[in-house]
Amino acid sequence: MHHFTALVTCLAVLFYFFTSVRVARARIALGVKLPAISGHPDFERVFRVQMNTLEWMPIFLPSLWLFAIYISDSVAAAIGLVWIVGRILYMTGYSRAVEKRGPGFAIQALAATVLWAGALGTIVWRLAHG
Amino acid sequence: MHHFTALVTCLAVLFYFFTSVRVARARIALGVKLPAISGHPDFERVFRVQMNTLEWMPIFLPSLWLFAIYISDSVAAAIGLVWIVGRILYMTGYSRAVEKRGPGFAIQALAATVLWAGALGTIVWRLAHG
Amino acid sequence: MHHFTALVTCLAVLFYFFTSVRVARARIALGVKLPAISGHPDFERVFRVQMNTLEWMPIFLPSLWLFAIYISDSVAAAIGLVWIVGRILYMTGYSRAVEKRGPGFAIQALAATVLWAGALGTIVWRLAHG
């Protein structure tokens, strides 16, 4: 069992859900009616935070779990927490201005890359060494 | 093995695929040419049904499987079926009018929340009790 | 363990990530500033390639893994490679013109359908035969 990775998965899903709630709130606050997805720059930035988080979920979740299975549950979970922290910084920065999304984005991209590369390296090693 | 949850996963993927097919059909029927994703309110509602289902897949699928692994295959699958039913009601309602998406949305959100909270609670309990 | 399927998962994630990088590059080259997601037909086609790949990830990844678990790791991985090749053809075609996305799309759709149908058939058979 991979309890820590399972816990971090629940937390990542919760954070991602929260980015969706912010879009629903921004719709009301800024008067962007469904089904439109544009119309106000403040709304569009909040919407892009959700979309970008969604876009990274199929990178993050498979990499997180392959790392957990092939290398270590607790190390995967720790790097997964770093990813969530980077995502939170990205969200708070981007909500203020496009330029302020940089540091958070870099942190989460680095965390995801470590998970992906660690998993890939170990899988290739296992295949090569039977 | 988690046969029932695997079956419900296949059904959820099929339903999600069907929401994409409806977008392709609406493009032709309403004359919204690729690569545009707007231009006609009827198209935009059908498009939003697909997008919203996509947005919920990374909430639903991990929660479904963690619930199945940590609690019960058959209970996870039963709640997963409720999620699909809620999604179908959301689709049929939203396709007619923005206001009619409410009940289906609430059902699927409740089903996903039960899966997520059940998984999280059990994971935390296992971590606390070794 | 499902080493080959894990390897193909890493490759699919890498390819998907690459479609995102192309969007970032197209933004700069064509002057489509964040948070906009439209404004230039060349940008919109590159954006649609990423979005469509994202849209297919929740179809492809669960089907790939259910096929691997229920049928065969190496066969799942081989069909997964065909999916990636189809995706690459779709990307290169669509980037040139909307009409040229057809063959690649058909290949990846066929590969995903084989994975999904194979998994579903085996799951139903297992449930029926205990």
# chains A, B, ... in the order shown; residues from 1 in each chain; ligands from 1
$ interface_residues --of "chain C" --to "chain A" --cutoff "12 Å" --atoms "only C-alpha atoms" --output "PyMOL selection string"
chain C and resi 1-21+24+33-38+47+50-62+65+74
$ write_last_selection --atoms "C-alpha atoms" --output "PDB file, in the first residue's frame"
ATOM      1  CA  MET C   1       4.648  -5.276 -12.390  1.00  0.00           C
ATOM      2  CA  HIS C   2       3.807  -3.788 -15.771  1.00  0.00           C
ATOM      3  CA  HIS C   3       7.145  -2.342 -16.879  1.00  0.00           C
ATOM      4  CA  PHE C   4       6.320  -1.875 -20.572  1.00  0.00           C
ATOM      5  CA  THR C   5       3.019  -0.144 -19.857  1.00  0.00           C
ATOM      6  CA  ALA C   6       4.722   2.058 -17.261  1.00  0.00           C
ATOM      7  CA  LEU C   7       7.338   2.993 -19.875  1.00  0.00           C
ATOM      8  CA  VAL C   8       4.685   3.844 -22.489  1.00  0.00           C
ATOM      9  CA  THR C   9       2.836   5.903 -19.862  1.00  0.00           C
ATOM     10  CA  CYS C  10       6.005   7.990 -19.326  1.00  0.00           C
ATOM     11  CA  LEU C  11       6.355   8.437 -23.105  1.00  0.00           C
ATOM     12  CA  ALA C  12       2.692   9.452 -23.506  1.00  0.00           C
ATOM     13  CA  VAL C  13       3.075  11.997 -20.682  1.00  0.00           C
ATOM     14  CA  LEU C  14       6.237  13.327 -22.359  1.00  0.00           C
ATOM     15  CA  PHE C  15       4.483  13.685 -25.708  1.00  0.00           C
ATOM     16  CA  TYR C  16       1.512  15.414 -24.078  1.00  0.00           C
ATOM     17  CA  PHE C  17       3.878  17.779 -22.277  1.00  0.00           C
ATOM     18  CA  PHE C  18       5.512  18.565 -25.624  1.00  0.00           C
ATOM     19  CA  THR C  19       2.138  19.639 -27.078  1.00  0.00           C
ATOM     20  CA  SER C  20       1.945  22.184 -24.207  1.00  0.00           C
ATOM     21  CA  VAL C  21       5.429  23.496 -24.930  1.00  0.00           C
ATOM     22  CA  ALA C  24       3.827  28.365 -25.196  1.00  0.00           C
ATOM     23  CA  LYS C  33      -0.719  37.078 -24.963  1.00  0.00           C
ATOM     24  CA  LEU C  34      -1.849  35.235 -21.821  1.00  0.00           C
ATOM     25  CA  PRO C  35      -4.570  34.713 -20.646  1.00  0.00           C
ATOM     26  CA  ALA C  36      -6.114  34.744 -24.166  1.00  0.00           C
ATOM     27  CA  ILE C  37      -6.652  31.373 -25.884  1.00  0.00           C
ATOM     28  CA  SER C  38      -7.635  32.725 -29.278  1.00  0.00           C
ATOM     29  CA  PHE C  47      -3.792  25.074 -28.953  1.00  0.00           C
ATOM     30  CA  GLN C  50      -2.824  20.266 -26.908  1.00  0.00           C
ATOM     31  CA  MET C  51      -6.467  20.431 -25.803  1.00  0.00           C
ATOM     32  CA  ASN C  52      -7.464  17.409 -27.867  1.00  0.00           C
ATOM     33  CA  THR C  53      -4.526  15.414 -26.473  1.00  0.00           C
ATOM     34  CA  LEU C  54      -5.584  16.469 -22.966  1.00  0.00           C
ATOM     35  CA  GLU C  55      -9.159  15.452 -23.780  1.00  0.00           C
ATOM     36  CA  TRP C  56      -8.004  11.968 -24.788  1.00  0.00           C
ATOM     37  CA  MET C  57      -5.733  11.348 -21.791  1.00  0.00           C
ATOM     38  CA  PRO C  58      -8.631  10.230 -19.510  1.00  0.00           C
ATOM     39  CA  ILE C  59      -9.731   7.842 -22.272  1.00  0.00           C
ATOM     40  CA  PHE C  60      -6.268   6.531 -23.117  1.00  0.00           C
ATOM     41  CA  LEU C  61      -4.595   6.106 -19.703  1.00  0.00           C
ATOM     42  CA  PRO C  62      -7.386   4.174 -17.897  1.00  0.00           C
ATOM     43  CA  TRP C  65      -3.857   0.256 -17.725  1.00  0.00           C
ATOM     44  CA  SER C  74       3.444  -6.027 -23.553  1.00  0.00           C
TER      45      SER C  74
END
$ calpha_fit_and_write --fixed "chain C" --moving "chain A" --output "short mmCIF file (atom, residue, chain, number, x, y, z; two decimals) with N, CA and C atoms, in the first residue's frame"
data_model
loop_
_atom_site.label_atom_id
_atom_site.label_comp_id
_atom_site.auth_asym_id
_atom_site.auth_seq_id
_atom_site.Cartn_x
_atom_site.Cartn_y
_atom_site.Cartn_z
N MET A 1 4.25 -6.59 -11.87
CA MET A 1 4.66 -5.28 -12.39
C MET A 1 4.39 -5.20 -13.90
N HIS A 2 4.11 -4.00 -14.36
CA HIS A 2 3.80 -3.78 -15.78
C HIS A 2 4.80 -2.78 -16.33
N HIS A 3 6.05 -3.25 -16.50
CA HIS A 3 7.14 -2.35 -16.88
C HIS A 3 6.91 -1.68 -18.23
N PHE A 4 6.47 -2.45 -19.23
CA PHE A 4 6.32 -1.87 -20.57
C PHE A 4 5.21 -0.82 -20.59
N THR A 5 4.11 -1.11 -19.91
CA THR A 5 3.01 -0.15 -19.86
C THR A 5 3.42 1.10 -19.08
N ALA A 6 4.21 0.92 -18.03
CA ALA A 6 4.72 2.05 -17.26
C ALA A 6 5.62 2.92 -18.15
N LEU A 7 6.45 2.26 -18.96
CA LEU A 7 7.34 3.00 -19.88
C LEU A 7 6.53 3.79 -20.90
N VAL A 8 5.52 3.16 -21.50
CA VAL A 8 4.69 3.84 -22.50
C VAL A 8 3.90 4.99 -21.84
N THR A 9 3.51 4.82 -20.58
CA THR A 9 2.84 5.91 -19.86
C THR A 9 3.76 7.12 -19.76
N CYS A 10 5.02 6.89 -19.40
CA CYS A 10 6.00 7.99 -19.33
C CYS A 10 6.16 8.66 -20.69
N LEU A 11 6.21 7.87 -21.76
CA LEU A 11 6.37 8.43 -23.11
C LEU A 11 5.13 9.24 -23.51
N ALA A 12 3.93 8.73 -23.19
CA ALA A 12 2.69 9.46 -23.51
C ALA A 12 2.63 10.78 -22.76
N VAL A 13 3.04 10.76 -21.49
CA VAL A 13 3.07 11.99 -20.68
C VAL A 13 4.07 12.98 -21.29
N LEU A 14 5.23 12.47 -21.73
CA LEU A 14 6.24 13.33 -22.35
C LEU A 14 5.68 13.97 -23.63
N PHE A 15 5.05 13.15 -24.47
CA PHE A 15 4.48 13.69 -25.71
C PHE A 15 3.43 14.76 -25.40
N TYR A 16 2.56 14.45 -24.46
CA TYR A 16 1.51 15.41 -24.09
C TYR A 16 2.15 16.71 -23.59
N PHE A 17 3.18 16.60 -22.77
CA PHE A 17 3.88 17.78 -22.28
C PHE A 17 4.44 18.58 -23.46
N PHE A 18 4.96 17.89 -24.46
CA PHE A 18 5.52 18.57 -25.64
C PHE A 18 4.45 19.38 -26.37
N THR A 19 3.20 18.87 -26.43
CA THR A 19 2.13 19.65 -27.09
C THR A 19 1.87 20.96 -26.33
N SER A 20 2.10 20.95 -25.00
CA SER A 20 1.95 22.18 -24.21
C SER A 20 3.07 23.17 -24.49
N VAL A 21 4.28 22.64 -24.64
CA VAL A 21 5.43 23.50 -24.93
C VAL A 21 5.20 24.22 -26.27
N ARG A 22 4.64 23.48 -27.23
CA ARG A 22 4.37 24.10 -28.54
C ARG A 22 3.37 25.26 -28.42
N VAL A 23 2.40 25.14 -27.51
CA VAL A 23 1.45 26.24 -27.29
C VAL A 23 2.18 27.47 -26.75
N ALA A 24 3.06 27.25 -25.77
CA ALA A 24 3.82 28.37 -25.18
C ALA A 24 4.67 29.05 -26.26
N ARG A 25 5.32 28.23 -27.12
CA ARG A 25 6.13 28.78 -28.20
C ARG A 25 5.27 29.56 -29.20
N ALA A 26 4.09 28.98 -29.55
CA ALA A 26 3.22 29.64 -30.53
C ALA A 26 2.70 30.96 -29.99
N ARG A 27 2.49 31.04 -28.67
CA ARG A 27 2.07 32.31 -28.06
C ARG A 27 3.08 33.41 -28.37
N ILE A 28 4.36 33.07 -28.18
CA ILE A 28 5.42 34.06 -28.40
C ILE A 28 5.53 34.40 -29.89
N ALA A 29 5.60 33.34 -30.72
CA ALA A 29 5.81 33.54 -32.16
C ALA A 29 4.68 34.32 -32.81
N LEU A 30 3.45 34.09 -32.33
CA LEU A 30 2.29 34.70 -33.00
C LEU A 30 1.68 35.85 -32.19
N GLY A 31 2.30 36.16 -31.07
CA GLY A 31 1.86 37.34 -30.30
C GLY A 31 0.49 37.19 -29.66
N VAL A 32 0.15 35.94 -29.22
CA VAL A 32 -1.12 35.75 -28.50
C VAL A 32 -0.80 35.77 -27.00
N LYS A 33 -1.13 36.87 -26.36
CA LYS A 33 -0.72 37.08 -24.97
C LYS A 33 -1.66 36.37 -24.00
N LEU A 34 -1.09 35.80 -22.93
CA LEU A 34 -1.87 35.22 -21.83
C LEU A 34 -2.72 36.33 -21.18
N PRO A 35 -3.93 36.03 -20.71
CA PRO A 35 -4.56 34.71 -20.64
C PRO A 35 -5.43 34.36 -21.85
N ALA A 36 -5.27 35.05 -22.99
CA ALA A 36 -6.12 34.74 -24.15
C ALA A 36 -5.84 33.34 -24.68
N ILE A 37 -6.86 32.68 -25.25
CA ILE A 37 -6.67 31.37 -25.88
C ILE A 37 -7.15 31.40 -27.32
N SER A 38 -7.27 32.61 -27.88
CA SER A 38 -7.63 32.72 -29.29
C SER A 38 -7.04 34.02 -29.82
N GLY A 39 -7.23 34.29 -31.11
CA GLY A 39 -6.71 35.54 -31.67
C GLY A 39 -5.93 35.35 -32.96
N HIS A 40 -5.49 34.10 -33.25
CA HIS A 40 -4.74 33.84 -34.48
C HIS A 40 -5.01 32.38 -34.86
N PRO A 41 -5.47 32.12 -36.09
CA PRO A 41 -5.83 30.73 -36.46
C PRO A 41 -4.67 29.74 -36.29
N ASP A 42 -3.42 30.16 -36.59
CA ASP A 42 -2.29 29.25 -36.42
C ASP A 42 -2.12 28.88 -34.94
N PHE A 43 -2.28 29.86 -34.04
CA PHE A 43 -2.21 29.59 -32.61
C PHE A 43 -3.33 28.65 -32.19
N GLU A 44 -4.53 28.91 -32.70
CA GLU A 44 -5.69 28.13 -32.27
C GLU A 44 -5.56 26.66 -32.65
N ARG A 45 -4.92 26.38 -33.79
CA ARG A 45 -4.74 24.98 -34.18
C ARG A 45 -3.73 24.29 -33.26
N VAL A 46 -2.63 24.98 -32.96
CA VAL A 46 -1.64 24.42 -32.03
C VAL A 46 -2.27 24.22 -30.65
N PHE A 47 -3.10 25.17 -30.23
CA PHE A 47 -3.79 25.07 -28.95
C PHE A 47 -4.77 23.88 -28.95
N ARG A 48 -5.47 23.70 -30.07
CA ARG A 48 -6.43 22.59 -30.16
C ARG A 48 -5.73 21.24 -30.11
N VAL A 49 -4.51 21.15 -30.65
CA VAL A 49 -3.75 19.89 -30.58
C VAL A 49 -3.49 19.53 -29.12
N GLN A 50 -3.05 20.52 -28.33
CA GLN A 50 -2.82 20.26 -26.90
C GLN A 50 -4.13 19.88 -26.22
N MET A 51 -5.19 20.68 -26.46
CA MET A 51 -6.47 20.43 -25.80
C MET A 51 -7.01 19.06 -26.17
N ASN A 52 -6.92 18.70 -27.45
CA ASN A 52 -7.46 17.41 -27.86
C ASN A 52 -6.66 16.26 -27.25
N THR A 53 -5.35 16.44 -27.13
CA THR A 53 -4.53 15.41 -26.48
C THR A 53 -4.93 15.30 -25.01
N LEU A 54 -5.09 16.46 -24.36
CA LEU A 54 -5.58 16.47 -22.97
C LEU A 54 -6.93 15.75 -22.87
N GLU A 55 -7.83 16.06 -23.80
CA GLU A 55 -9.16 15.46 -23.78
C GLU A 55 -9.11 13.93 -23.89
N TRP A 56 -8.10 13.41 -24.60
CA TRP A 56 -8.00 11.97 -24.79
C TRP A 56 -7.22 11.25 -23.68
N MET A 57 -6.51 12.00 -22.85
CA MET A 57 -5.73 11.35 -21.79
C MET A 57 -6.62 10.53 -20.85
N PRO A 58 -7.80 11.05 -20.41
CA PRO A 58 -8.63 10.22 -19.51
C PRO A 58 -9.32 9.06 -20.22
N ILE A 59 -9.25 9.02 -21.55
CA ILE A 59 -9.73 7.84 -22.28
C ILE A 59 -8.57 6.85 -22.40
N PHE A 60 -7.42 7.38 -22.82
CA PHE A 60 -6.26 6.53 -23.12
C PHE A 60 -5.68 5.87 -21.86
N LEU A 61 -5.33 6.67 -20.86
CA LEU A 61 -4.60 6.10 -19.71
C LEU A 61 -5.38 5.03 -18.95
N PRO A 62 -6.66 5.26 -18.59
CA PRO A 62 -7.39 4.18 -17.90
C PRO A 62 -7.55 2.93 -18.78
N SER A 63 -7.82 3.12 -20.09
CA SER A 63 -7.98 1.97 -20.98
C SER A 63 -6.67 1.20 -21.12
N LEU A 64 -5.57 1.94 -21.25
CA LEU A 64 -4.25 1.32 -21.36
C LEU A 64 -3.96 0.44 -20.15
N TRP A 65 -4.20 0.97 -18.95
CA TRP A 65 -3.85 0.24 -17.73
C TRP A 65 -4.81 -0.90 -17.45
N LEU A 66 -6.09 -0.73 -17.74
CA LEU A 66 -7.03 -1.84 -17.54
C LEU A 66 -6.68 -2.97 -18.51
N PHE A 67 -6.31 -2.62 -19.75
CA PHE A 67 -5.89 -3.63 -20.72
C PHE A 67 -4.64 -4.36 -20.20
N ALA A 68 -3.68 -3.57 -19.70
CA ALA A 68 -2.43 -4.16 -19.20
C ALA A 68 -2.69 -5.12 -18.04
N ILE A 69 -3.55 -4.70 -17.12
CA ILE A 69 -3.82 -5.50 -15.92
C ILE A 69 -4.65 -6.74 -16.27
N TYR A 70 -5.65 -6.57 -17.13
CA TYR A 70 -6.58 -7.67 -17.41
C TYR A 70 -6.10 -8.60 -18.53
N ILE A 71 -5.26 -8.08 -19.45
CA ILE A 71 -4.88 -8.90 -20.61
C ILE A 71 -3.37 -9.10 -20.68
N SER A 72 -2.62 -8.05 -21.01
CA SER A 72 -1.19 -8.26 -21.22
C SER A 72 -0.43 -6.94 -21.15
N ASP A 73 0.66 -6.94 -20.41
CA ASP A 73 1.50 -5.75 -20.30
C ASP A 73 2.11 -5.39 -21.65
N SER A 74 2.71 -6.36 -22.34
CA SER A 74 3.44 -6.03 -23.56
C SER A 74 2.49 -5.66 -24.70
N VAL A 75 1.33 -6.32 -24.79
CA VAL A 75 0.37 -5.98 -25.85
C VAL A 75 -0.21 -4.59 -25.59
N ALA A 76 -0.54 -4.29 -24.34
CA ALA A 76 -1.03 -2.94 -24.00
C ALA A 76 -0.01 -1.89 -24.39
N ALA A 77 1.27 -2.15 -24.06
CA ALA A 77 2.33 -1.19 -24.36
C ALA A 77 2.49 -1.00 -25.88
N ALA A 78 2.39 -2.10 -26.64
CA ALA A 78 2.53 -2.01 -28.10
C ALA A 78 1.40 -1.16 -28.69
N ILE A 79 0.16 -1.40 -28.23
CA ILE A 79 -0.98 -0.60 -28.74
C ILE A 79 -0.83 0.85 -28.25
N GLY A 80 -0.31 1.02 -27.06
CA GLY A 80 -0.07 2.37 -26.54
C GLY A 80 0.93 3.14 -27.41
N LEU A 81 1.93 2.43 -27.92
CA LEU A 81 2.89 3.07 -28.83
C LEU A 81 2.20 3.51 -30.12
N VAL A 82 1.30 2.67 -30.62
CA VAL A 82 0.54 3.03 -31.82
C VAL A 82 -0.27 4.31 -31.55
N TRP A 83 -0.85 4.40 -30.35
CA TRP A 83 -1.60 5.59 -29.98
C TRP A 83 -0.70 6.83 -30.04
N ILE A 84 0.51 6.72 -29.50
CA ILE A 84 1.43 7.87 -29.50
C ILE A 84 1.80 8.25 -30.94
N VAL A 85 2.06 7.26 -31.78
CA VAL A 85 2.38 7.54 -33.19
C VAL A 85 1.21 8.26 -33.86
N GLY A 86 -0.01 7.77 -33.64
CA GLY A 86 -1.20 8.44 -34.20
C GLY A 86 -1.29 9.87 -33.72
N ARG A 87 -1.01 10.10 -32.44
CA ARG A 87 -1.03 11.44 -31.85
C ARG A 87 0.01 12.35 -32.49
N ILE A 88 1.19 11.80 -32.80
CA ILE A 88 2.26 12.60 -33.43
C ILE A 88 1.82 13.01 -34.84
N LEU A 89 1.24 12.06 -35.58
CA LEU A 89 0.75 12.37 -36.93
C LEU A 89 -0.37 13.41 -36.88
N TYR A 90 -1.26 13.26 -35.89
CA TYR A 90 -2.35 14.23 -35.70
C TYR A 90 -1.76 15.62 -35.45
N MET A 91 -0.76 15.69 -34.59
CA MET A 91 -0.14 16.98 -34.26
C MET A 91 0.52 17.63 -35.48
N THR A 92 1.33 16.87 -36.19
CA THR A 92 2.03 17.45 -37.34
C THR A 92 1.03 17.83 -38.43
N GLY A 93 -0.01 17.01 -38.64
CA GLY A 93 -1.01 17.33 -39.66
C GLY A 93 -1.83 18.56 -39.30
N TYR A 94 -2.36 18.57 -38.07
CA TYR A 94 -3.24 19.66 -37.62
C TYR A 94 -2.49 20.99 -37.60
N SER A 95 -1.20 20.95 -37.27
CA SER A 95 -0.42 22.19 -37.20
C SER A 95 -0.33 22.85 -38.57
N ARG A 96 -0.41 22.02 -39.63
CA ARG A 96 -0.37 22.58 -40.98
C ARG A 96 -1.75 23.04 -41.44
N ALA A 97 -2.78 22.19 -41.28
CA ALA A 97 -4.13 22.56 -41.71
C ALA A 97 -5.15 21.70 -40.98
N VAL A 98 -6.34 22.24 -40.73
CA VAL A 98 -7.40 21.51 -40.03
C VAL A 98 -7.69 20.18 -40.72
N GLU A 99 -7.71 20.18 -42.06
CA GLU A 99 -8.08 18.97 -42.81
C GLU A 99 -7.06 17.84 -42.65
N LYS A 100 -5.81 18.19 -42.35
CA LYS A 100 -4.75 17.17 -42.31
C LYS A 100 -4.66 16.44 -40.98
N ARG A 101 -5.61 16.69 -40.07
CA ARG A 101 -5.56 16.02 -38.79
C ARG A 101 -6.18 14.63 -38.85
N GLY A 102 -6.88 14.29 -39.97
CA GLY A 102 -7.68 13.07 -40.06
C GLY A 102 -6.96 11.76 -39.81
N PRO A 103 -5.93 11.42 -40.61
CA PRO A 103 -5.32 10.08 -40.47
C PRO A 103 -4.77 9.82 -39.07
N GLY A 104 -4.03 10.77 -38.52
CA GLY A 104 -3.48 10.59 -37.17
C GLY A 104 -4.58 10.41 -36.15
N PHE A 105 -5.64 11.19 -36.29
CA PHE A 105 -6.76 11.08 -35.35
C PHE A 105 -7.38 9.68 -35.41
N ALA A 106 -7.56 9.17 -36.64
CA ALA A 106 -8.17 7.85 -36.81
C ALA A 106 -7.30 6.77 -36.17
N ILE A 107 -5.98 6.85 -36.35
CA ILE A 107 -5.07 5.84 -35.80
C ILE A 107 -5.15 5.82 -34.27
N GLN A 108 -5.06 7.00 -33.65
CA GLN A 108 -5.08 7.05 -32.19
C GLN A 108 -6.45 6.65 -31.64
N ALA A 109 -7.53 7.01 -32.37
CA ALA A 109 -8.88 6.63 -31.93
C ALA A 109 -9.04 5.11 -31.99
N LEU A 110 -8.51 4.49 -33.05
CA LEU A 110 -8.58 3.04 -33.19
C LEU A 110 -7.79 2.35 -32.08
N ALA A 111 -6.58 2.84 -31.82
CA ALA A 111 -5.74 2.25 -30.77
C ALA A 111 -6.44 2.34 -29.41
N ALA A 112 -7.01 3.52 -29.11
CA ALA A 112 -7.70 3.70 -27.82
C ALA A 112 -8.92 2.79 -27.74
N THR A 113 -9.63 2.65 -28.85
CA THR A 113 -10.83 1.81 -28.87
C THR A 113 -10.47 0.34 -28.61
N VAL A 114 -9.37 -0.14 -29.22
CA VAL A 114 -8.93 -1.52 -29.00
C VAL A 114 -8.60 -1.73 -27.52
N LEU A 115 -7.89 -0.77 -26.92
CA LEU A 115 -7.54 -0.87 -25.50
C LEU A 115 -8.81 -0.91 -24.64
N TRP A 116 -9.73 0.00 -24.92
CA TRP A 116 -10.95 0.11 -24.14
C TRP A 116 -11.82 -1.14 -24.30
N ALA A 117 -12.04 -1.56 -25.55
CA ALA A 117 -12.93 -2.71 -25.81
C ALA A 117 -12.31 -4.00 -25.27
N GLY A 118 -11.00 -4.14 -25.43
CA GLY A 118 -10.33 -5.33 -24.90
C GLY A 118 -10.48 -5.42 -23.39
N ALA A 119 -10.26 -4.29 -22.72
CA ALA A 119 -10.39 -4.25 -21.26
C ALA A 119 -11.83 -4.56 -20.86
N LEU A 120 -12.78 -3.86 -21.47
CA LEU A 120 -14.19 -4.05 -21.11
C LEU A 120 -14.62 -5.50 -21.31
N GLY A 121 -14.28 -6.07 -22.47
CA GLY A 121 -14.66 -7.45 -22.76
C GLY A 121 -14.12 -8.41 -21.72
N THR A 122 -12.86 -8.23 -21.34
CA THR A 122 -12.24 -9.14 -20.37
C THR A 122 -12.85 -8.96 -18.97
N ILE A 123 -13.12 -7.71 -18.60
CA ILE A 123 -13.73 -7.46 -17.29
C ILE A 123 -15.10 -8.13 -17.21
N VAL A 124 -15.91 -7.97 -18.24
CA VAL A 124 -17.25 -8.56 -18.26
C VAL A 124 -17.14 -10.09 -18.21
N TRP A 125 -16.21 -10.65 -18.95
CA TRP A 125 -16.00 -12.10 -18.97
C TRP A 125 -15.62 -12.60 -17.58
N ARG A 126 -14.70 -11.88 -16.93
CA ARG A 126 -14.29 -12.27 -15.57
C ARG A 126 -15.46 -12.19 -14.57
N LEU A 127 -16.26 -11.14 -14.70
CA LEU A 127 -17.41 -11.00 -13.79
C LEU A 127 -18.41 -12.13 -14.02
N ALA A 128 -18.59 -12.51 -15.29
CA ALA A 128 -19.57 -13.54 -15.63
C ALA A 128 -19.09 -14.93 -15.23
N HIS A 129 -17.75 -15.14 -15.29
CA HIS A 129 -17.21 -16.47 -15.00
C HIS A 129 -16.54 -16.55 -13.64
N GLY A 130 -16.85 -15.60 -12.77
CA GLY A 130 -16.34 -15.63 -11.40
C GLY A 130 -14.83 -15.60 -11.31
#
$ select_by_dssp --residues "region 17-54 of chain C" --states "helix (DSSP H, G or I)" --output "count of residues only"
28
